[in-house]
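> Structure file query.pdb, PDB, C-alpha atoms, is pasted below:
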```
ATOM      1  CA  ASN A   1      16.297  -2.635 109.406
ATOM      2  CA  GLY A   2      17.023  -5.414 111.858
ATOM      3  CA  TRP A   3      19.408  -8.189 110.821
ATOM      4  CA  GLY A   4      20.179  -6.528 107.476
ATOM      5  CA  LYS A   5      22.448  -4.009 109.243
ATOM      6  CA  PRO A   6      22.659  -5.156 112.875
ATOM      7  CA  LEU A   7      25.300  -2.706 114.140
ATOM      8  CA  LYS A   8      23.499   0.267 112.637
ATOM      9  CA  THR A   9      20.215  -0.992 114.084
ATOM     10  CA  LEU A  10      21.652  -1.299 117.592
ATOM     11  CA  TRP A  11      23.151   2.185 117.388
ATOM     12  CA  LEU A  12      19.865   3.700 116.195
ATOM     13  CA  ARG A  13      17.934   2.110 119.031
ATOM     14  CA  THR A  14      20.200   3.831 121.552
ATOM     15  CA  ILE A  15      19.230   7.274 120.261
ATOM     16  CA  LEU A  16      15.575   6.836 119.266
ATOM     17  CA  THR A  17      12.438   6.729 121.385
ATOM     18  CA  THR A  18      10.450   4.937 118.681
ATOM     19  CA  THR A  19      11.656   2.583 115.965
ATOM     20  CA  ARG A  20       9.985   1.291 112.825
ATOM     21  CA  TYR A  21      11.173  -1.678 110.801
ATOM     22  CA  ARG A  22      12.028  -1.007 107.162
ATOM     23  CA  PRO A  23      13.631  -3.798 105.106
ATOM     24  CA  ALA A  24      16.744  -2.990 103.115
ATOM     25  CA  GLY A  25      15.330  -4.842 100.110
ATOM     26  CA  LEU A  26      11.945  -4.652  98.428
ATOM     27  CA  ASP A  27       9.098  -5.086 100.888
ATOM     28  CA  ALA A  28       6.874  -8.021  99.955
ATOM     29  CA  ARG A  29       3.941  -6.122 101.471
ATOM     30  CA  GLY A  30       4.354  -3.396  98.864
ATOM     31  CA  ARG A  31       4.251  -0.510 101.343
ATOM     32  CA  ASN A  32       4.913   2.940  99.984
ATOM     33  CA  GLU A  33       7.894   4.657 101.596
ATOM     34  CA  CYS A  34       5.646   7.568 102.606
ATOM     35  CA  ASP A  35       3.417   5.176 104.520
ATOM     36  CA  VAL A  36       6.451   3.851 106.399
ATOM     37  CA  LEU A  37       7.663   7.359 107.244
ATOM     38  CA  PHE A  38       4.237   8.565 108.362
ATOM     39  CA  THR A  39       4.140   5.801 110.974
ATOM     40  CA  LEU A  40       6.904   7.640 112.838
ATOM     41  CA  GLY A  41       4.346  10.321 113.678
ATOM     42  CA  SER A  42       1.422   7.998 114.375
ATOM     43  CA  ALA A  43       1.446   8.825 118.099
ATOM     44  CA  LEU A  44       0.819  12.475 117.213
ATOM     45  CA  LEU A  45      -2.158  11.685 114.982
ATOM     46  CA  GLY A  46      -4.370   9.849 117.452
ATOM     47  CA  GLY A  47      -4.720   6.855 115.165
ATOM     48  CA  ALA A  48      -5.718   8.860 112.090
ATOM     49  CA  LYS A  49      -4.473   7.471 108.777
ATOM     50  CA  PRO A  50      -1.943   9.534 106.797
ATOM     51  CA  SER A  51      -3.633  11.900 104.370
ATOM     52  CA  ARG A  52      -3.568  11.220 100.643
ATOM     53  CA  ASP A  53      -5.198  14.562  99.904
ATOM     54  CA  ALA A  54      -2.730  16.781  98.045
ATOM     55  CA  HIS A  55      -4.683  19.867  99.116
ATOM     56  CA  VAL A  56      -3.818  18.997 102.714
ATOM     57  CA  LEU A  57      -0.189  18.086 102.002
ATOM     58  CA  ARG A  58       0.701  20.864  99.536
ATOM     59  CA  PRO A  59       1.178  23.630 102.161
ATOM     60  CA  PHE A  60       3.680  21.459 104.050
ATOM     61  CA  VAL A  61       5.926  21.272 100.961
ATOM     62  CA  LEU A  62       5.627  24.809  99.580
ATOM     63  CA  ASP A  63       6.736  28.011 101.294
ATOM     64  CA  SER A  64       3.907  29.971  99.637
ATOM     65  CA  ASP A  65       0.963  29.317  97.340
ATOM     66  CA  VAL A  66       1.973  28.498  93.763
ATOM     67  CA  PRO A  67      -0.664  28.947  91.043
ATOM     68  CA  ARG A  68      -1.075  26.073  88.620
ATOM     69  CA  GLY A  69       0.325  26.885  85.182
ATOM     70  CA  ASP A  70      -0.226  25.438  81.725
ATOM     71  CA  SER A  71       3.116  23.748  81.112
ATOM     72  CA  ILE A  72       3.972  20.057  81.123
ATOM     73  CA  VAL A  73       7.156  19.857  83.192
ATOM     74  CA  VAL A  74       9.846  17.383  82.118
ATOM     75  CA  GLN A  75      12.771  16.709  84.439
ATOM     76  CA  ILE A  76      16.079  16.761  82.591
ATOM     77  CA  THR A  77      18.583  14.948  84.770
ATOM     78  CA  ASP A  78      21.538  12.649  84.303
ATOM     79  CA  LYS A  79      19.651  10.189  86.494
ATOM     80  CA  TRP A  80      18.047   9.027  83.252
ATOM     81  CA  ASP A  81      21.548   7.856  82.298
ATOM     82  CA  ARG A  82      22.239   6.432  85.742
ATOM     83  CA  LEU A  83      19.070   4.346  85.552
ATOM     84  CA  GLY A  84      20.194   2.961  82.195
ATOM     85  CA  ILE A  85      17.516   4.807  80.198
ATOM     86  CA  ALA A  86      18.653   5.710  76.685
ATOM     87  CA  PHE A  87      19.359   9.371  75.940
ATOM     88  CA  ASP A  88      17.469   9.216  72.621
ATOM     89  CA  ASP A  89      14.365   8.005  74.454
ATOM     90  CA  VAL A  90      14.550  10.974  76.848
ATOM     91  CA  VAL A  91      14.687  13.335  73.870
ATOM     92  CA  ARG A  92      11.799  11.419  72.301
ATOM     93  CA  VAL A  93       9.544  11.702  75.360
ATOM     94  CA  LEU A  94      10.320  15.420  75.618
ATOM     95  CA  ARG A  95       9.215  15.947  72.026
ATOM     96  CA  LEU A  96       6.099  13.825  72.470
ATOM     97  CA  ALA A  97       5.127  15.829  75.543
ATOM     98  CA  GLY A  98       5.288  18.919  73.346
ATOM     99  CA  THR A  99       2.580  17.480  71.107
ATOM    100  CA  LEU A 100       0.145  17.607  74.042
ATOM    101  CA  GLY A 101       0.850  21.125  75.287
ATOM    102  CA  PRO A 102       3.557  23.646  76.149
ATOM    103  CA  VAL A 103       6.614  22.029  77.716
ATOM    104  CA  ARG A 104       8.847  23.345  80.481
ATOM    105  CA  ALA A 105      12.093  21.367  80.655
ATOM    106  CA  ILE A 106      13.869  21.865  83.980
ATOM    107  CA  SER A 107      17.259  20.848  85.304
ATOM    108  CA  ALA A 108      19.247  21.290  88.478
ATOM    109  CA  ALA A 109      22.141  23.708  88.082
ATOM    110  CA  ASN A 110      24.733  20.969  88.590
ATOM    111  CA  GLU A 111      23.316  18.855  85.751
ATOM    112  CA  MET A 112      23.621  21.357  82.942
ATOM    113  CA  ASN A 113      26.037  19.236  80.901
ATOM    114  CA  TYR A 114      23.284  16.669  80.406
ATOM    115  CA  ALA A 115      20.736  19.452  79.895
ATOM    116  CA  THR A 116      22.877  21.040  77.176
ATOM    117  CA  ARG A 117      23.024  17.726  75.322
ATOM    118  CA  VAL A 118      19.224  17.494  75.493
ATOM    119  CA  THR A 119      18.800  21.027  74.160
ATOM    120  CA  LEU A 120      21.185  20.384  71.259
ATOM    121  CA  ALA A 121      19.389  17.142  70.373
ATOM    122  CA  SER A 122      15.809  18.366  70.784
ATOM    123  CA  GLY A 123      15.942  22.090  70.096
ATOM    124  CA  ILE A 124      14.047  22.633  73.365
ATOM    125  CA  PRO A 125      15.715  24.952  75.892
ATOM    126  CA  VAL A 126      16.241  23.613  79.397
ATOM    127  CA  GLU A 127      15.696  25.932  82.359
ATOM    128  CA  ARG A 128      18.344  25.837  85.086
ATOM    129  CA  LEU A 129      17.024  25.924  88.649
ATOM    130  CA  ASP A 130      19.501  27.003  91.311
ATOM    131  CA  THR A 131      17.482  26.603  94.516
ATOM    132  CA  LEU A 132      15.237  24.039  96.170
ATOM    133  CA  THR A 133      12.445  26.614  96.380
ATOM    134  CA  ALA A 134      12.567  27.236  92.628
ATOM    135  CA  TRP A 135      12.561  23.479  92.026
ATOM    136  CA  LYS A 136       9.506  22.863  94.195
ATOM    137  CA  CYS A 137       7.646  25.805  92.660
ATOM    138  CA  ALA A 138       8.324  24.615  89.105
ATOM    139  CA  ILE A 139       6.889  21.187  89.876
ATOM    140  CA  ALA A 140       3.917  22.598  91.785
ATOM    141  CA  ALA A 141       3.113  24.979  88.932
ATOM    142  CA  GLY A 142       3.077  22.260  86.276
ATOM    143  CA  ARG A 143      -0.139  20.808  85.007
ATOM    144  CA  ALA A 144       1.770  17.521  84.804
ATOM    145  CA  LEU A 145       5.266  16.112  85.309
ATOM    146  CA  ILE A 146       7.334  13.524  83.462
ATOM    147  CA  ALA A 147      10.363  12.346  85.437
ATOM    148  CA  PRO A 148      12.437   9.272  86.221
ATOM    149  CA  ASP A 149      12.358   7.583  89.613
ATOM    150  CA  SER A 150      13.700  10.594  91.527
ATOM    151  CA  GLY A 151      12.858  13.185  94.157
ATOM    152  CA  ALA A 152      10.837  15.167  91.628
ATOM    153  CA  ILE A 153       8.066  12.573  91.475
ATOM    154  CA  HIS A 154       7.754  12.671  95.262
ATOM    155  CA  VAL A 155       7.469  16.457  95.350
ATOM    156  CA  ALA A 156       4.800  16.167  92.646
ATOM    157  CA  GLY A 157       3.094  13.434  94.633
ATOM    158  CA  MET A 158       2.728  15.728  97.641
ATOM    159  CA  VAL A 159       1.682  18.910  95.801
ATOM    160  CA  GLY A 160      -0.871  17.234  93.526
ATOM    161  CA  THR A 161       0.865  17.503  90.151
ATOM    162  CA  PRO A 162      -0.217  14.587  87.923
ATOM    163  CA  THR A 163       2.875  12.511  87.226
ATOM    164  CA  ILE A 164       4.284  10.058  84.725
ATOM    165  CA  ALA A 165       6.968   8.257  86.743
ATOM    166  CA  VAL A 166       9.449   6.299  84.629
ATOM    167  CA  PHE A 167      11.196   3.314  86.236
ATOM    168  CA  PRO A 168      13.882   1.086  84.729
ATOM    169  CA  ALA A 169      12.483  -2.211  83.465
ATOM    170  CA  ILE A 170      13.758  -4.481  86.235
ATOM    171  CA  ALA A 171      12.683  -7.677  87.928
ATOM    172  CA  ARG A 172       9.986  -7.251  90.599
ATOM    173  CA  LEU A 173       8.984  -3.923  89.080
ATOM    174  CA  ALA A 174       5.556  -4.024  90.728
ATOM    175  CA  ARG A 175       7.128  -4.041  94.183
ATOM    176  CA  GLN A 176       9.514  -1.259  93.244
ATOM    177  CA  THR A 177       6.785   1.002  91.902
ATOM    178  CA  ALA A 178       4.513   0.277  94.876
ATOM    179  CA  ARG A 179       7.312   1.438  97.145
ATOM    180  CA  TRP A 180       8.251   4.598  95.269
ATOM    181  CA  ALA A 181       5.085   5.698  93.450
ATOM    182  CA  PRO A 182       3.945   9.304  94.038
ATOM    183  CA  TRP A 183       1.896   9.431  97.232
ATOM    184  CA  ALA A 184      -1.119  11.681  96.689
ATOM    185  CA  ALA A 185      -1.132  12.980  93.103
ATOM    186  CA  PRO A 186      -2.738  11.165  90.169
ATOM    187  CA  SER A 187       0.065   9.181  88.580
ATOM    188  CA  GLU A 188       1.029   6.415  86.212
ATOM    189  CA  THR A 189       4.219   4.390  86.401
ATOM    190  CA  ILE A 190       5.941   3.417  83.168
ATOM    191  CA  ALA A 191       8.608   0.731  82.732
ATOM    192  CA  ALA A 192      11.405   1.960  80.465
ATOM    193  CA  ALA A 193      11.221  -0.994  78.093
ATOM    194  CA  ALA A 194      11.161  -0.641  74.301
ATOM    195  CA  GLY A 195       8.648   1.977  73.154
ATOM    196  CA  TRP A 196       8.224   3.549  76.591
ATOM    197  CA  PRO A 197       8.173   7.202  75.350
ATOM    198  CA  GLU A 198       5.018   6.456  73.367
ATOM    199  CA  ARG A 199       3.415   4.715  76.351
ATOM    200  CA  ALA A 200       4.378   7.650  78.536
ATOM    201  CA  ALA A 201       2.739  10.083  76.100
ATOM    202  CA  THR A 202      -0.421   7.970  76.022
ATOM    203  CA  GLY A 203      -0.468   7.863  79.822
ATOM    204  CA  LEU A 204       0.120  11.607  80.004
ATOM    205  CA  ARG A 205      -2.801  12.328  77.673
ATOM    206  CA  LYS A 206      -5.025  10.126  79.844
ATOM    207  CA  LEU A 207      -3.907  11.826  83.069
ATOM    208  CA  LEU A 208      -4.446  15.298  81.635
ATOM    209  CA  LEU A 209      -7.956  14.488  80.451
ATOM    210  CA  GLU A 210      -8.866  12.772  83.736
ATOM    211  CA  THR A 211      -7.729  15.822  85.719
ATOM    212  CA  GLY A 212      -9.671  18.279  83.580
ATOM    213  CA  HIS A 213      -6.846  19.624  81.411
ATOM    214  CA  SER A 214      -7.071  20.152  77.670
ATOM    215  CA  VAL A 215      -4.636  18.585  75.240
ATOM    216  CA  ARG A 216      -3.626  19.614  71.765
TER     217      ARG A 216
END
```
Would you mind giving the structure from this file in structure tokens?

Amino acid sequence: NGWGKPLKTLWLRTILTTTRYRPAGLDARGRNECDVLFTLGSALLGGAKPSRDAHVLRPFVLDSDVPRGDSIVVQITDKWDRLGIAFDDVVRVLRLAGTLGPVRAISAANEMNYATRVTLASGIPVERLDTLTAWKCAIAAGRALIAPDSGAIHVAGMVGTPTIAVFPAIARLARQTARWAPWAAPSETIAAAAGWPERAATGLRKLLLETGHSVR
């Protein structure tokens, strides 16, 4: 990224045939990270623009076809804590999701301490996923996903799972969400300010109806 990390930049240019500039901070142009990464393969695409069609992108992410299920997937991760998002609000959004349809709460195997706390507080069991394949399949099978700013929203963005992406309420939020919003799937970004679980539930209902899913 140029003058931001000059020694690293010089080293990279000795081992790469093609370089692309990516600022270390928020890009004033609001480019999505996927757009930046796709430019690395632009010479292979003959000038074609990167696809935003999840039907095209889905097979590149999944090892086999995954049928769409009926559950609303909620990512249970201690990243909620690390982003400064209150535990009680995570429990609240999980319960609100359950008012719209069946919920599938998922967690990585190494985050089960947080998941256990969520189960005890909500009464909703959290499924432990031990492999990357299981993780991708769970997201691809969901009729929607609720997750913090994390890898899960980017998997969903590529496989077409409608997503509520929750970001901490920070300065220059619009630039942050433009950079990290899901790429191809229908999505809505929510700032985790006061009352965000209710706004997330409202956004989820809207996404489900717009994508042809029923709600309770």
> Neighbouring residues of Thr161 (chain A) were defined as those with any atom within 12 Å, considering only C-alpha atoms; residues of the same chain fewer than 6 positions away were excluded. Please report them as a ChimeraX atom specification.
/A:53-55,57-58,66-73,136-147,152-155,182-188,204,207-208,211,213
> I need the output of the PyMOL selection byres ((chain A and resi 189-196) around 10) for this file as a PyMOL selection string; which residues are they?
chain A and resi 83-86+89-90+92-93+148-149+163-170+173-174+177-178+180-182+187-188+197-203
> Could you spell out the hits of the PyMOL selection byres ((chain A and resi 101) around 10) on the shown file, as a list in words?
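For this structure, the PyMOL selection byres ((chain A and resi 101) around 10) captures Asp70, Ser71, Ile72, Leu96, Ala97, Gly98, Thr99, Leu100, Pro102, Val103, Arg104, Arg143, Arg205, His213, Ser214, Val215 and Arg216 of chain A.
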> For Val118 (chain A), find every residue with an atom within 12 Å (counting all atoms listed in the file), except residues of its own chain fewer than 5 positions away, and show them as a list in words.
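Surrounding residues, per the criterion: Val74, Gln75, Ile76, Thr77, Asp78, Trp80, Ala86, Phe87, Asp88, Asp89, Val90, Val91, Arg92, Val93, Leu94, Arg95, Ala105, Ile106, Ser107, Glu111, Met112, Asn113, Gly123, Ile124, Pro125, Val126 and Glu127 of chain A.
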> CA of Arg52 (chain A) and CA of Arg20 (chain A) are how many Å apart?
20.8 Å
> With all atoms of region 77-83 of chain A from the file as input, state the centre and edge lengths in Å to one decimal of the axis-aligned box that has 4 Å extra on each side, as AutoDock Vina command-line options.

```
--center_x 20.1 --center_y 9.6 --center_z 84.4 --size_x 12.2 --size_y 18.6 --size_z 12.2
```
> Which residue gives the smallest distance to Lys79 (chain A) among A:Gly41, A:Ser122, A:Ser150, A:Asp130, with all atoms listed in the file counted?
A:Ser150
> Please determine, counting only C-alpha atoms, which residue among A:Ala121, A:Pro162, A:Cys34, A:Lys49 has the shortest atom-to-atom distance to Leu209 (chain A).
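Answer, going by the shortest atom-to-atom distance: A:Pro162.
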> Using the atoms already present, construct all heavy atoms for region 37-48 of chain A and hand them back as a CSV table (one decimal), keeping the file's coordinate frame.

```csv
chain,number,residue,atom,x,y,z
A,37,LEU,N,7.2,6.2,106.5
A,37,LEU,CA,7.7,7.4,107.2
A,37,LEU,C,6.6,8.0,108.1
A,37,LEU,O,6.8,8.4,109.2
A,37,LEU,CB,8.2,8.4,106.2
A,37,LEU,CG,9.5,8.0,105.6
A,37,LEU,CD1,9.8,9.0,104.5
A,37,LEU,CD2,10.6,8.1,106.6
A,38,PHE,N,5.3,8.0,107.6
A,38,PHE,CA,4.2,8.6,108.4
A,38,PHE,C,4.0,7.8,109.7
A,38,PHE,O,3.5,8.4,110.6
A,38,PHE,CB,2.9,8.6,107.5
A,38,PHE,CG,2.8,9.8,106.6
A,38,PHE,CD1,2.5,9.6,105.3
A,38,PHE,CD2,3.0,11.1,107.1
A,38,PHE,CE1,2.4,10.7,104.4
A,38,PHE,CE2,2.8,12.2,106.3
A,38,PHE,CZ,2.5,12.0,104.9
A,39,THR,N,4.4,6.5,109.7
A,39,THR,CA,4.1,5.8,111.0
A,39,THR,C,5.0,6.3,112.1
A,39,THR,O,4.7,6.1,113.3
A,39,THR,CB,4.4,4.3,110.8
A,39,THR,OG1,5.8,4.1,110.5
A,39,THR,CG2,3.6,3.7,109.7
A,40,LEU,N,6.1,7.0,111.8
A,40,LEU,CA,6.9,7.6,112.8
A,40,LEU,C,6.1,8.7,113.6
A,40,LEU,O,6.5,9.0,114.8
A,40,LEU,CB,8.2,8.2,112.2
A,40,LEU,CG,9.2,7.2,111.7
A,40,LEU,CD1,10.3,8.0,110.9
A,40,LEU,CD2,9.8,6.4,112.8
A,41,GLY,N,5.1,9.3,113.0
A,41,GLY,CA,4.3,10.3,113.7
A,41,GLY,C,3.0,9.8,114.1
A,41,GLY,O,2.1,10.6,114.5
A,42,SER,N,2.8,8.5,114.1
A,42,SER,CA,1.4,8.0,114.4
A,42,SER,C,0.9,8.4,115.8
A,42,SER,O,-0.3,8.6,116.0
A,42,SER,CB,1.4,6.5,114.2
A,42,SER,OG,2.4,5.9,115.1
A,43,ALA,N,1.9,8.5,116.7
A,43,ALA,CA,1.4,8.8,118.1
A,43,ALA,C,0.9,10.3,118.2
A,43,ALA,O,0.2,10.6,119.1
A,43,ALA,CB,2.6,8.7,119.1
A,44,LEU,N,1.3,11.1,117.2
A,44,LEU,CA,0.8,12.5,117.2
A,44,LEU,C,-0.5,12.6,116.5
A,44,LEU,O,-1.2,13.7,116.6
A,44,LEU,CB,1.8,13.4,116.5
A,44,LEU,CG,3.3,13.3,117.0
A,44,LEU,CD1,4.2,14.1,116.1
A,44,LEU,CD2,3.3,13.9,118.4
A,45,LEU,N,-1.0,11.6,115.8
A,45,LEU,CA,-2.2,11.7,115.0
A,45,LEU,C,-3.4,11.0,115.6
A,45,LEU,O,-4.4,11.0,115.0
A,45,LEU,CB,-1.9,11.1,113.6
A,45,LEU,CG,-0.8,11.7,112.8
A,45,LEU,CD1,-0.5,11.0,111.5
A,45,LEU,CD2,-1.1,13.2,112.5
A,46,GLY,N,-3.2,10.5,116.8
A,46,GLY,CA,-4.4,9.8,117.5
A,46,GLY,C,-5.0,8.7,116.7
A,46,GLY,O,-6.2,8.5,116.7
A,47,GLY,N,-4.2,8.0,115.9
A,47,GLY,CA,-4.7,6.9,115.2
A,47,GLY,C,-5.2,7.2,113.8
A,47,GLY,O,-5.7,6.3,113.0
A,48,ALA,N,-5.2,8.5,113.4
A,48,ALA,CA,-5.7,8.9,112.1
A,48,ALA,C,-4.8,8.3,111.0
A,48,ALA,O,-3.5,8.3,111.2
A,48,ALA,CB,-5.8,10.4,112.0
```
